[in-house]
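Written below as structure tokens is the structure these notes are about.
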Amino acid sequence: MCYDTLLTLDGTHIRGYLLTRLIGHGSFGAVYEAKCNSDTIAMKVSTEEEDLLVEASALQQLYYNDVSPKYHFNGKYGPYHIVGMELLGFDLEWIRENTPSKSCQRSTLIRIAYQMVHCLQALHEKRLIHRDVKLSNFALSQPKTPGNQVSVKILDFGMSHEYCDADGNLKEDPRGFVFKKMRYSSYDVSLGLDPAPKDDVIMAGYAILYAGGFDFHEKLKSPDNELMNWKRELIRAPGETLPLMLKFLEPFFEEVGELIDILPVNHDLLKQRIQDSLPEMDARSALTLTEEDGHPVLT
Ligand SMILES: Nc1ncnc2c1ncn2[C@@H]1O[C@H](COP(=O)(O)OP(=O)(O)OP(=O)(O)O)[C@@H](O)[C@H]1O
């Protein structure tokens, strides 16, 4: 419905904000930079009401956790549904693509990994699962002065779901997404099982390898059985499956391989295993974003 004009809304006024720039778009929605006086936010515009309501609810629940863009408002504009939220900086896939080596240093990678798991921890503690974890769904906050400090935040909650009630009873999602077909799903989900919190962590594992220089996009193009074997072996025998340059992450992937659906994810232990992967560097220390010869440098 009305997807054509979704990408040409710049110059439009919505809720007192002028849409100034199309940041990007996905399957059902577009995200614009929007300005009102000195206030600049991100506005997501979509044809999918339910997904945007789910996204707005997740952002509201995570408001005080500082792991996602701050929620501002949601509503309607003509045929579209909108969510206003904090404007973040570059997403991590953009950073990778614009870094000449297409990888980051070990010390940067463990801090990225630590912050990704921290984002998932905040979500899972609210009984939410993301289900669309990929490198491009993590973005950096706007750099803080002085020092250009940034932190990793998680985006795009359109496919998220409150997976159980307060008593731990599992809840169905009436939207009935088919996750089995998503190439970047975890091994169990690719087999047809329902996504659980541990699958968010496994998908974050793929994103971490991708950020670290492994060509995960190329891997996704492999024939089905080859891709499935790789996903299975990564959690069964990480020491033999991790690419050489990323073998140092074995303590983390060993722990990821221990995760099972019926036990809650121990995020603190996963964070500890990320730290154990590179003991000489404090995985909790801040990231900074600078620029060198026109390229982003995340350290
Ligand atoms: N709060 C935000 N601040 C800055 N950029 C954002 C924000 N939210 C989303 N974006 C960017 O907007 C673009 C579109 O995001 P969107 O979530 O609609 O789609 P997507 O994740 O690219 O697509 P898909 O539907 O395939 O998941 C992405 O590049 C994303 O990084």
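Residues in the structure tokens are named by chain (A, B, ... in the order shown) and by number from 1 within that chain; ligands are numbered from 1 in the order shown.
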Check: Residues within 9 Å of ligand 1 (only C-alpha atoms and all ligand atoms), as JSON, numbers by chain?
Finding: {"A": [22, 23, 24, 25, 26, 27, 28, 29, 30, 31, 32, 33, 41, 42, 43, 44, 45, 46, 68, 69, 70, 71, 84, 85, 86, 87, 88, 89, 90, 91, 92, 93, 94, 132, 134, 136, 137, 138, 139, 140, 141, 155, 156, 157, 158, 159]}
Preceding selection exported with N, CA and C atoms as a tab-separated table (two decimals), in the first residue's frame:
```
chain	number	residue	atom	x	y	z
A	22	LEU	N	16.23	11.38	3.38
A	22	LEU	CA	15.93	9.95	3.50
A	22	LEU	C	17.21	9.26	3.96
A	23	ILE	N	17.17	8.64	5.13
A	23	ILE	CA	18.38	7.96	5.62
A	23	ILE	C	18.51	6.59	4.97
A	24	GLY	N	17.40	5.90	4.86
A	24	GLY	CA	17.45	4.57	4.27
A	24	GLY	C	16.06	3.95	4.29
A	25	HIS	N	15.94	2.80	3.67
A	25	HIS	CA	14.63	2.15	3.67
A	25	HIS	C	14.79	0.65	3.69
A	26	GLY	N	13.75	0.00	4.21
A	26	GLY	CA	13.74	-1.46	4.26
A	26	GLY	C	12.56	-1.97	3.47
A	27	SER	N	12.10	-3.16	3.83
A	27	SER	CA	11.05	-3.82	3.04
A	27	SER	C	9.72	-3.06	3.08
A	28	PHE	N	9.35	-2.50	4.23
A	28	PHE	CA	8.03	-1.87	4.36
A	28	PHE	C	8.08	-0.43	4.82
A	29	GLY	N	9.27	0.08	5.08
A	29	GLY	CA	9.32	1.42	5.65
A	29	GLY	C	10.55	2.19	5.22
A	30	ALA	N	10.52	3.47	5.57
A	30	ALA	CA	11.66	4.34	5.28
A	30	ALA	C	11.96	5.14	6.53
A	31	VAL	N	13.22	5.51	6.69
A	31	VAL	CA	13.61	6.32	7.84
A	31	VAL	C	14.17	7.64	7.33
A	32	TYR	N	13.61	8.74	7.85
A	32	TYR	CA	14.03	10.09	7.46
A	32	TYR	C	14.67	10.80	8.64
A	33	GLU	N	15.57	11.72	8.29
A	33	GLU	CA	16.02	12.71	9.28
A	33	GLU	C	14.94	13.78	9.28
A	41	ILE	N	15.59	14.64	14.72
A	41	ILE	CA	15.24	13.27	15.14
A	41	ILE	C	15.24	12.35	13.90
A	42	ALA	N	14.97	11.06	14.14
A	42	ALA	CA	14.74	10.12	13.04
A	42	ALA	C	13.25	9.81	13.02
A	43	MET	N	12.66	9.78	11.83
A	43	MET	CA	11.25	9.42	11.74
A	43	MET	C	11.09	8.23	10.82
A	44	LYS	N	10.53	7.16	11.38
A	44	LYS	CA	10.29	5.95	10.57
A	44	LYS	C	8.86	6.02	10.04
A	45	VAL	N	8.70	5.82	8.77
A	45	VAL	CA	7.39	5.90	8.11
A	45	VAL	C	7.15	4.55	7.46
A	46	SER	N	5.98	3.97	7.72
A	46	SER	CA	5.78	2.60	7.23
A	46	SER	C	4.34	2.36	6.82
A	68	SER	N	18.94	1.61	22.84
A	68	SER	CA	18.17	1.78	21.58
A	68	SER	C	17.89	3.27	21.42
A	69	PRO	N	17.45	3.68	20.21
A	69	PRO	CA	17.12	5.11	20.07
A	69	PRO	C	15.99	5.48	21.04
A	70	LYS	N	16.07	6.67	21.63
A	70	LYS	CA	15.01	7.11	22.56
A	70	LYS	C	13.71	7.32	21.78
A	71	TYR	N	12.63	6.81	22.33
A	71	TYR	CA	11.30	6.94	21.71
A	71	TYR	C	10.78	8.37	21.89
A	84	GLY	N	8.57	8.54	15.81
A	84	GLY	CA	9.65	9.51	15.96
A	84	GLY	C	10.60	9.02	17.04
A	85	MET	N	11.87	9.07	16.76
A	85	MET	CA	12.85	8.56	17.73
A	85	MET	C	14.17	9.32	17.61
A	86	GLU	N	15.03	9.07	18.57
A	86	GLU	CA	16.37	9.69	18.57
A	86	GLU	C	17.10	9.35	17.27
A	87	LEU	N	17.80	10.34	16.75
A	87	LEU	CA	18.61	10.12	15.54
A	87	LEU	C	19.96	9.54	15.95
A	88	LEU	N	20.26	8.36	15.45
A	88	LEU	CA	21.57	7.76	15.73
A	88	LEU	C	22.54	8.08	14.60
A	89	GLY	N	23.78	7.65	14.78
A	89	GLY	CA	24.80	7.87	13.74
A	89	GLY	C	24.86	6.66	12.81
A	90	PHE	N	26.05	6.38	12.31
A	90	PHE	CA	26.23	5.32	11.30
A	90	PHE	C	25.88	3.94	11.86
A	91	ASP	N	25.31	3.09	10.99
A	91	ASP	CA	25.13	1.71	11.43
A	91	ASP	C	26.44	0.95	11.21
A	92	LEU	N	26.57	-0.20	11.88
A	92	LEU	CA	27.87	-0.89	11.88
A	92	LEU	C	28.20	-1.53	10.54
A	93	GLU	N	27.19	-1.82	9.73
A	93	GLU	CA	27.51	-2.35	8.40
A	93	GLU	C	28.09	-1.22	7.53
A	94	TRP	N	27.55	-0.03	7.70
A	94	TRP	CA	28.09	1.12	6.95
A	94	TRP	C	29.55	1.37	7.37
A	132	ASP	N	15.69	-10.16	14.43
A	132	ASP	CA	16.26	-9.68	13.16
A	132	ASP	C	17.64	-9.09	13.43
A	134	LYS	N	21.28	-8.36	13.02
A	134	LYS	CA	22.29	-8.34	11.95
A	134	LYS	C	23.12	-7.08	12.15
A	136	SER	N	23.72	-4.52	10.38
A	136	SER	CA	23.12	-3.22	10.02
A	136	SER	C	22.03	-2.80	11.01
A	137	ASN	N	21.62	-3.68	11.91
A	137	ASN	CA	20.65	-3.28	12.92
A	137	ASN	C	21.31	-2.87	14.24
A	138	PHE	N	22.60	-2.64	14.19
A	138	PHE	CA	23.30	-1.99	15.31
A	138	PHE	C	23.87	-0.68	14.76
A	139	ALA	N	23.69	0.39	15.50
A	139	ALA	CA	24.20	1.68	15.04
A	139	ALA	C	24.90	2.39	16.19
A	140	LEU	N	25.73	3.34	15.82
A	140	LEU	CA	26.47	4.09	16.85
A	140	LEU	C	25.65	5.30	17.27
A	141	SER	N	25.77	5.67	18.54
A	141	SER	CA	25.16	6.91	19.00
A	141	SER	C	25.91	8.07	18.34
A	155	LEU	N	18.71	-1.39	16.78
A	155	LEU	CA	17.66	-0.74	16.00
A	155	LEU	C	16.64	-1.75	15.49
A	156	ASP	N	15.56	-1.20	14.95
A	156	ASP	CA	14.64	-1.95	14.12
A	156	ASP	C	13.93	-3.09	14.86
A	157	PHE	N	12.92	-2.70	15.61
A	157	PHE	CA	12.20	-3.68	16.44
A	157	PHE	C	10.90	-4.16	15.80
A	158	GLY	N	10.78	-3.95	14.48
A	158	GLY	CA	9.54	-4.32	13.79
A	158	GLY	C	9.23	-5.81	13.86
A	159	MET	N	10.27	-6.63	14.00
A	159	MET	CA	10.04	-8.07	14.07
A	159	MET	C	10.20	-8.60	15.50
```
Next item on the list: Name the residues of range 100-280 of chain A that come out as strand (DSSP E or B) in a backbone DSSP run; write them as JSON, numbers by chain.
Entry: {"A": [128, 129, 138, 139, 140, 144, 149, 150, 152, 153, 154, 161, 162, 164, 170]}
Taking N, CA and C atoms for each residue, export the selection above as a PDB file, in the first residue's frame.
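Output saved as result.pdb:
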```
ATOM      1  N   LEU A 128      11.660  -9.537  25.769  1.00  0.00           N
ATOM      2  CA  LEU A 128      11.538  -9.259  24.337  1.00  0.00           C
ATOM      3  C   LEU A 128      12.625 -10.013  23.588  1.00  0.00           C
ATOM      4  N   ILE A 129      12.278 -10.520  22.400  1.00  0.00           N
ATOM      5  CA  ILE A 129      13.325 -11.022  21.496  1.00  0.00           C
ATOM      6  C   ILE A 129      13.280 -10.179  20.229  1.00  0.00           C
ATOM      7  N   PHE A 138      22.602  -2.641  14.194  1.00  0.00           N
ATOM      8  CA  PHE A 138      23.300  -1.985  15.310  1.00  0.00           C
ATOM      9  C   PHE A 138      23.869  -0.683  14.758  1.00  0.00           C
ATOM     10  N   ALA A 139      23.688   0.387  15.503  1.00  0.00           N
ATOM     11  CA  ALA A 139      24.203   1.684  15.035  1.00  0.00           C
ATOM     12  C   ALA A 139      24.901   2.387  16.186  1.00  0.00           C
ATOM     13  N   LEU A 140      25.733   3.339  15.822  1.00  0.00           N
ATOM     14  CA  LEU A 140      26.469   4.093  16.846  1.00  0.00           C
ATOM     15  C   LEU A 140      25.646   5.300  17.273  1.00  0.00           C
ATOM     16  N   LYS A 144      30.023  11.970  21.222  1.00  0.00           N
ATOM     17  CA  LYS A 144      29.946  12.975  22.295  1.00  0.00           C
ATOM     18  C   LYS A 144      31.252  13.731  22.350  1.00  0.00           C
ATOM     19  N   GLN A 149      33.301  10.022  21.897  1.00  0.00           N
ATOM     20  CA  GLN A 149      32.862   8.714  22.390  1.00  0.00           C
ATOM     21  C   GLN A 149      31.523   8.329  21.784  1.00  0.00           C
ATOM     22  N   VAL A 150      31.410   7.041  21.446  1.00  0.00           N
ATOM     23  CA  VAL A 150      30.147   6.528  20.899  1.00  0.00           C
ATOM     24  C   VAL A 150      29.795   5.221  21.612  1.00  0.00           C
ATOM     25  N   VAL A 152      27.268   1.485  21.094  1.00  0.00           N
ATOM     26  CA  VAL A 152      26.515   0.669  20.137  1.00  0.00           C
ATOM     27  C   VAL A 152      25.075   0.539  20.631  1.00  0.00           C
ATOM     28  N   LYS A 153      24.137   0.815  19.730  1.00  0.00           N
ATOM     29  CA  LYS A 153      22.719   0.680  20.080  1.00  0.00           C
ATOM     30  C   LYS A 153      22.037  -0.256  19.087  1.00  0.00           C
ATOM     31  N   ILE A 154      20.936  -0.829  19.506  1.00  0.00           N
ATOM     32  CA  ILE A 154      20.216  -1.766  18.629  1.00  0.00           C
ATOM     33  C   ILE A 154      18.974  -1.092  18.052  1.00  0.00           C
ATOM     34  N   HIS A 161       9.334  -9.353  19.536  1.00  0.00           N
ATOM     35  CA  HIS A 161       8.161 -10.051  20.098  1.00  0.00           C
ATOM     36  C   HIS A 161       8.362 -10.259  21.590  1.00  0.00           C
ATOM     37  N   GLU A 162       7.273 -10.070  22.352  1.00  0.00           N
ATOM     38  CA  GLU A 162       7.323 -10.426  23.777  1.00  0.00           C
ATOM     39  C   GLU A 162       7.084 -11.926  23.828  1.00  0.00           C
ATOM     40  N   CYS A 164       7.353 -14.310  26.191  1.00  0.00           N
ATOM     41  CA  CYS A 164       6.650 -15.030  27.258  1.00  0.00           C
ATOM     42  C   CYS A 164       6.009 -14.031  28.213  1.00  0.00           C
ATOM     43  N   LEU A 170       5.122 -19.298  27.253  1.00  0.00           N
ATOM     44  CA  LEU A 170       5.487 -18.796  25.918  1.00  0.00           C
ATOM     45  C   LEU A 170       4.285 -18.170  25.214  1.00  0.00           C
TER      46      LEU A 170
END
```
Item checked: Residue contacts of Ser57 in chain A (10 Å, only C-alpha atoms) excluding same-chain residues fewer than 4 positions away, as a list in words ->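 Skipping anything fewer than 4 positions along the chain leaves Asp51, Leu52, Leu53, Gln61, Leu62, Tyr63, Tyr71, Asn74, Phe157, Gly158 and Ser160 of chain A.
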Please produce a file of the residues just selected, as a compact mmCIF listing (two decimals), in the first residue's frame, where the atoms kept are C-alpha atoms.
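Saved result, out01.txt, follows:
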```
# COMPACT_ATOMS: atom_id res chain seq x y z
CA ASP A 51 5.04 -3.72 13.03
CA LEU A 52 5.35 -0.02 13.87
CA LEU A 53 3.19 -0.40 16.98
CA GLN A 61 10.00 -0.25 27.18
CA LEU A 62 13.72 0.24 26.54
CA TYR A 63 13.64 4.03 27.03
CA TYR A 71 11.30 6.94 21.71
CA ASN A 74 4.08 7.41 17.25
CA PHE A 157 12.20 -3.68 16.44
CA GLY A 158 9.54 -4.32 13.79
CA SER A 160 10.52 -8.13 17.84
```
Note to self: Show me, as a PyMOL selection string, the residues that have an atom within 12 Å of Glu250 in chain A when counting only C-alpha atoms, minus same-chain residues fewer than 2 positions from it.
What the structure shows: chain A and resi 110+205+209+234-248+252-257+270+273-278
For the residues in that selection, give me N, CA and C atoms as a compact mmCIF listing (two decimals), in the first residue's frame.
```txt
# COMPACT_ATOMS: atom_id res chain seq x y z
N ILE A 110 36.12 -6.58 20.37
CA ILE A 110 35.57 -7.13 21.63
C ILE A 110 34.70 -6.08 22.34
N GLY A 205 26.43 -13.27 17.08
CA GLY A 205 27.72 -13.91 16.82
C GLY A 205 28.11 -13.78 15.35
N LEU A 209 31.36 -11.69 13.75
CA LEU A 209 32.35 -12.23 12.79
C LEU A 209 32.43 -11.34 11.56
N LEU A 234 29.84 -24.03 13.75
CA LEU A 234 30.29 -22.83 14.48
C LEU A 234 29.94 -22.94 15.97
N ILE A 235 28.78 -23.53 16.28
CA ILE A 235 28.43 -23.67 17.69
C ILE A 235 28.87 -25.02 18.28
N ARG A 236 29.06 -26.02 17.43
CA ARG A 236 29.48 -27.34 17.94
C ARG A 236 30.99 -27.39 18.16
N ALA A 237 31.73 -26.84 17.21
CA ALA A 237 33.19 -26.90 17.29
C ALA A 237 33.79 -25.57 16.86
N PRO A 238 33.57 -24.51 17.65
CA PRO A 238 34.04 -23.18 17.22
C PRO A 238 35.54 -23.11 16.95
N GLY A 239 36.32 -23.86 17.75
CA GLY A 239 37.78 -23.82 17.59
C GLY A 239 38.19 -24.23 16.18
N GLU A 240 37.44 -25.18 15.59
CA GLU A 240 37.79 -25.66 14.24
C GLU A 240 37.10 -24.86 13.14
N THR A 241 36.08 -24.10 13.51
CA THR A 241 35.25 -23.45 12.47
C THR A 241 35.55 -21.95 12.32
N LEU A 242 35.95 -21.32 13.43
CA LEU A 242 36.22 -19.87 13.34
C LEU A 242 37.36 -19.61 12.37
N PRO A 243 37.24 -18.57 11.53
CA PRO A 243 38.38 -18.24 10.66
C PRO A 243 39.59 -17.87 11.52
N LEU A 244 40.78 -18.14 10.99
CA LEU A 244 42.02 -17.97 11.75
C LEU A 244 42.11 -16.62 12.46
N MET A 245 41.78 -15.55 11.73
CA MET A 245 41.95 -14.20 12.30
C MET A 245 40.97 -13.93 13.44
N LEU A 246 39.94 -14.79 13.58
CA LEU A 246 38.94 -14.55 14.62
C LEU A 246 38.91 -15.67 15.66
N LYS A 247 39.94 -16.54 15.62
CA LYS A 247 40.02 -17.66 16.57
C LYS A 247 40.10 -17.17 18.01
N PHE A 248 40.61 -15.96 18.18
CA PHE A 248 40.74 -15.44 19.55
C PHE A 248 39.38 -15.33 20.24
N PHE A 252 34.27 -16.99 23.70
CA PHE A 252 32.90 -16.48 23.55
C PHE A 252 32.04 -17.49 22.79
N PHE A 253 32.55 -17.98 21.65
CA PHE A 253 31.73 -18.89 20.84
C PHE A 253 31.52 -20.25 21.52
N GLU A 254 32.49 -20.66 22.37
CA GLU A 254 32.29 -21.89 23.15
C GLU A 254 31.05 -21.72 24.03
N GLU A 255 30.93 -20.55 24.65
CA GLU A 255 29.80 -20.28 25.54
C GLU A 255 28.50 -20.17 24.75
N VAL A 256 28.58 -19.54 23.58
CA VAL A 256 27.39 -19.43 22.72
C VAL A 256 26.90 -20.84 22.37
N GLY A 257 27.84 -21.73 22.12
CA GLY A 257 27.50 -23.12 21.76
C GLY A 257 26.81 -23.88 22.89
N LEU A 270 28.38 -14.43 29.14
CA LEU A 270 28.80 -14.18 27.74
C LEU A 270 29.73 -12.96 27.69
N ARG A 273 33.06 -13.98 28.82
CA ARG A 273 33.78 -14.76 27.80
C ARG A 273 34.32 -13.85 26.70
N ILE A 274 33.63 -12.75 26.44
CA ILE A 274 34.15 -11.78 25.46
C ILE A 274 35.42 -11.16 26.05
N GLN A 275 35.35 -10.82 27.32
CA GLN A 275 36.53 -10.26 27.98
C GLN A 275 37.68 -11.28 27.98
N ASP A 276 37.38 -12.55 28.25
CA ASP A 276 38.41 -13.61 28.29
C ASP A 276 39.07 -13.79 26.92
N SER A 277 38.36 -13.39 25.85
CA SER A 277 38.90 -13.57 24.50
C SER A 277 40.09 -12.65 24.24
N LEU A 278 40.16 -11.55 24.95
CA LEU A 278 41.28 -10.60 24.78
C LEU A 278 41.57 -9.95 26.15
```
Notebook entry, point to check: From the list A:Thr99, A:Ser107, A:Asn266, A:Thr12, which residue is nearest Gly78 in chain A when using only C-alpha atoms?
Noted result: A:Thr12
Next item on the list: Measuring atom to atom with only C-alpha atoms, identify which of A:Leu123, A:Ala166, A:Val117, A:Leu135 is nearest to Arg284 in chain A.
Entry: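 When distances to Arg284 in chain A are compared using only C-alpha atoms, the smallest one comes from A:Val117.
Near Tyr80 in chain A, within 9 Å and counting only C-alpha atoms, sit Cys2, Leu6, Val45, Ser46, Thr47, Glu48, Glu49, Gly75 and Lys76 of chain A; same-chain residues fewer than 4 positions away were not included.
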How would the residues just chosen look if you wrote them out with C-alpha atoms as an mmCIF file, in the first residue's frame?
```cif
data_model
loop_
_atom_site.group_PDB
_atom_site.id
_atom_site.type_symbol
_atom_site.label_atom_id
_atom_site.label_comp_id
_atom_site.auth_asym_id
_atom_site.auth_seq_id
_atom_site.Cartn_x
_atom_site.Cartn_y
_atom_site.Cartn_z
ATOM 1 C CA CYS A 2 1.378 3.413 -1.059
ATOM 2 C CA LEU A 6 7.159 6.393 0.938
ATOM 3 C CA VAL A 45 7.390 5.903 8.110
ATOM 4 C CA SER A 46 5.781 2.605 7.227
ATOM 5 C CA THR A 47 2.800 0.954 5.607
ATOM 6 C CA GLU A 48 2.758 -1.752 8.300
ATOM 7 C CA GLU A 49 0.734 -0.584 11.291
ATOM 8 C CA GLY A 75 1.011 8.143 15.136
ATOM 9 C CA LYS A 76 -0.390 8.345 11.627
#
```
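As for CA of Ser186 in chain A and CA of Glu218 in chain A, they are spaced 16.4 Å apart.
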Check: Do you know which residues are at most 12 Å from range 179-185 of chain A counting only C-alpha atoms, after dropping those on the same chain fewer than 2 positions away, and could you put them as number ranges by chain?
Finding: A: 130-135, 159-160, 175-177, 187-196, 198-207, 210, 216-225, 227-228, 230-232
Any chance you could export the current selection's N, CA and C atoms as a short mmCIF file (atom, residue, chain, number, x, y, z; two decimals), in the first residue's frame?
```
data_model
loop_
_atom_site.label_atom_id
_atom_site.label_comp_id
_atom_site.auth_asym_id
_atom_site.auth_seq_id
_atom_site.Cartn_x
_atom_site.Cartn_y
_atom_site.Cartn_z
N HIS A 130 14.44 -9.99 19.63
CA HIS A 130 14.55 -9.08 18.49
C HIS A 130 14.20 -9.79 17.18
N ARG A 131 14.82 -10.92 16.95
CA ARG A 131 14.58 -11.84 15.81
C ARG A 131 15.08 -11.33 14.47
N ASP A 132 15.69 -10.16 14.43
CA ASP A 132 16.26 -9.68 13.16
C ASP A 132 17.64 -9.09 13.43
N VAL A 133 18.42 -9.83 14.22
CA VAL A 133 19.74 -9.33 14.62
C VAL A 133 20.72 -9.47 13.45
N LYS A 134 21.28 -8.36 13.02
CA LYS A 134 22.29 -8.34 11.95
C LYS A 134 23.12 -7.08 12.15
N LEU A 135 24.28 -7.05 11.48
CA LEU A 135 25.21 -5.95 11.72
C LEU A 135 24.56 -4.59 11.44
N MET A 159 10.27 -6.63 14.00
CA MET A 159 10.04 -8.07 14.07
C MET A 159 10.20 -8.60 15.50
N SER A 160 10.31 -7.68 16.45
CA SER A 160 10.52 -8.13 17.84
C SER A 160 9.21 -8.68 18.41
N ARG A 175 1.39 -12.50 14.09
CA ARG A 175 1.82 -12.07 12.77
C ARG A 175 2.39 -13.22 11.92
N GLY A 176 2.78 -14.29 12.58
CA GLY A 176 3.19 -15.51 11.85
C GLY A 176 4.34 -15.34 10.85
N PHE A 177 5.39 -14.64 11.24
CA PHE A 177 6.57 -14.53 10.36
C PHE A 177 7.17 -15.92 10.13
N TYR A 187 21.11 -21.67 13.46
CA TYR A 187 20.95 -23.06 12.98
C TYR A 187 19.57 -23.62 13.35
N ASP A 188 19.21 -23.53 14.64
CA ASP A 188 17.92 -24.10 15.08
C ASP A 188 16.74 -23.47 14.36
N VAL A 189 16.79 -22.16 14.18
CA VAL A 189 15.68 -21.45 13.52
C VAL A 189 15.62 -21.84 12.04
N SER A 190 16.78 -22.02 11.42
CA SER A 190 16.80 -22.46 10.01
C SER A 190 16.21 -23.86 9.88
N LEU A 191 16.29 -24.65 10.97
CA LEU A 191 15.68 -25.99 10.95
C LEU A 191 14.16 -25.92 11.13
N GLY A 192 13.67 -24.75 11.58
CA GLY A 192 12.21 -24.60 11.72
C GLY A 192 11.75 -24.36 13.14
N LEU A 193 12.68 -24.31 14.10
CA LEU A 193 12.27 -24.06 15.50
C LEU A 193 11.92 -22.58 15.68
N ASP A 194 11.09 -22.27 16.68
CA ASP A 194 10.73 -20.87 16.95
C ASP A 194 11.94 -20.14 17.52
N PRO A 195 12.14 -18.89 17.11
CA PRO A 195 13.27 -18.13 17.66
C PRO A 195 13.12 -17.93 19.17
N ALA A 196 14.23 -18.05 19.87
CA ALA A 196 14.28 -17.86 21.32
C ALA A 196 15.40 -16.84 21.59
N LYS A 198 18.27 -17.14 22.84
CA LYS A 198 19.61 -17.62 22.46
C LYS A 198 19.88 -17.42 20.95
N ASP A 199 18.81 -17.42 20.15
CA ASP A 199 19.00 -17.24 18.70
C ASP A 199 19.40 -15.81 18.36
N ASP A 200 18.91 -14.83 19.17
CA ASP A 200 19.40 -13.45 19.01
C ASP A 200 20.91 -13.41 19.24
N VAL A 201 21.36 -14.16 20.26
CA VAL A 201 22.79 -14.15 20.60
C VAL A 201 23.60 -14.80 19.47
N ILE A 202 23.09 -15.89 18.93
CA ILE A 202 23.81 -16.58 17.85
C ILE A 202 23.90 -15.68 16.61
N MET A 203 22.81 -14.99 16.31
CA MET A 203 22.84 -14.06 15.16
C MET A 203 23.79 -12.90 15.43
N ALA A 204 23.85 -12.47 16.69
CA ALA A 204 24.83 -11.42 17.03
C ALA A 204 26.24 -11.97 16.81
N GLY A 205 26.43 -13.27 17.08
CA GLY A 205 27.72 -13.91 16.82
C GLY A 205 28.11 -13.78 15.35
N TYR A 206 27.15 -14.01 14.45
CA TYR A 206 27.43 -13.87 13.01
C TYR A 206 27.83 -12.42 12.70
N ALA A 207 27.07 -11.48 13.32
CA ALA A 207 27.34 -10.06 13.07
C ALA A 207 28.74 -9.67 13.57
N TYR A 210 31.28 -10.86 11.12
CA TYR A 210 31.21 -9.99 9.93
C TYR A 210 31.95 -8.68 10.22
N PHE A 216 30.69 -12.68 5.87
CA PHE A 216 29.45 -13.41 6.18
C PHE A 216 28.46 -13.31 5.02
N HIS A 217 28.45 -12.19 4.31
CA HIS A 217 27.53 -12.05 3.15
C HIS A 217 27.84 -13.08 2.08
N GLU A 218 29.13 -13.33 1.87
CA GLU A 218 29.53 -14.34 0.89
C GLU A 218 29.10 -15.73 1.40
N LYS A 219 29.30 -15.95 2.70
CA LYS A 219 28.91 -17.24 3.29
C LYS A 219 27.41 -17.49 3.09
N LEU A 220 26.61 -16.42 3.20
CA LEU A 220 25.17 -16.57 3.04
C LEU A 220 24.77 -16.99 1.63
N LYS A 221 25.70 -16.80 0.67
CA LYS A 221 25.40 -17.20 -0.72
C LYS A 221 25.71 -18.68 -0.97
N SER A 222 26.28 -19.36 0.03
CA SER A 222 26.62 -20.79 -0.15
C SER A 222 25.35 -21.61 -0.36
N PRO A 223 25.50 -22.79 -0.96
CA PRO A 223 24.34 -23.70 -1.06
C PRO A 223 23.79 -24.00 0.34
N ASP A 224 22.49 -24.26 0.42
CA ASP A 224 21.81 -24.46 1.71
C ASP A 224 22.55 -25.41 2.66
N ASN A 225 22.93 -26.60 2.14
CA ASN A 225 23.53 -27.59 3.05
C ASN A 225 24.89 -27.13 3.57
N LEU A 227 25.78 -23.95 4.07
CA LEU A 227 25.52 -22.90 5.06
C LEU A 227 25.06 -23.52 6.39
N MET A 228 24.18 -24.52 6.29
CA MET A 228 23.69 -25.19 7.50
C MET A 228 24.84 -25.88 8.24
N TRP A 230 27.95 -25.06 8.22
CA TRP A 230 28.79 -24.03 8.85
C TRP A 230 28.14 -23.51 10.14
N LYS A 231 26.83 -23.23 10.07
CA LYS A 231 26.12 -22.72 11.26
C LYS A 231 26.19 -23.75 12.41
N ARG A 232 26.02 -25.04 12.04
CA ARG A 232 26.05 -26.09 13.07
C ARG A 232 27.44 -26.21 13.67
#
```
Next item on the list: Give me, please, the distance in Å between CA of His267 in chain A and CA of Pro197 in chain A, quoted to one decimal.
Entry: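 CA of Pro197 in chain A lies at a distance of 10.5 Å from CA of His267 in chain A.
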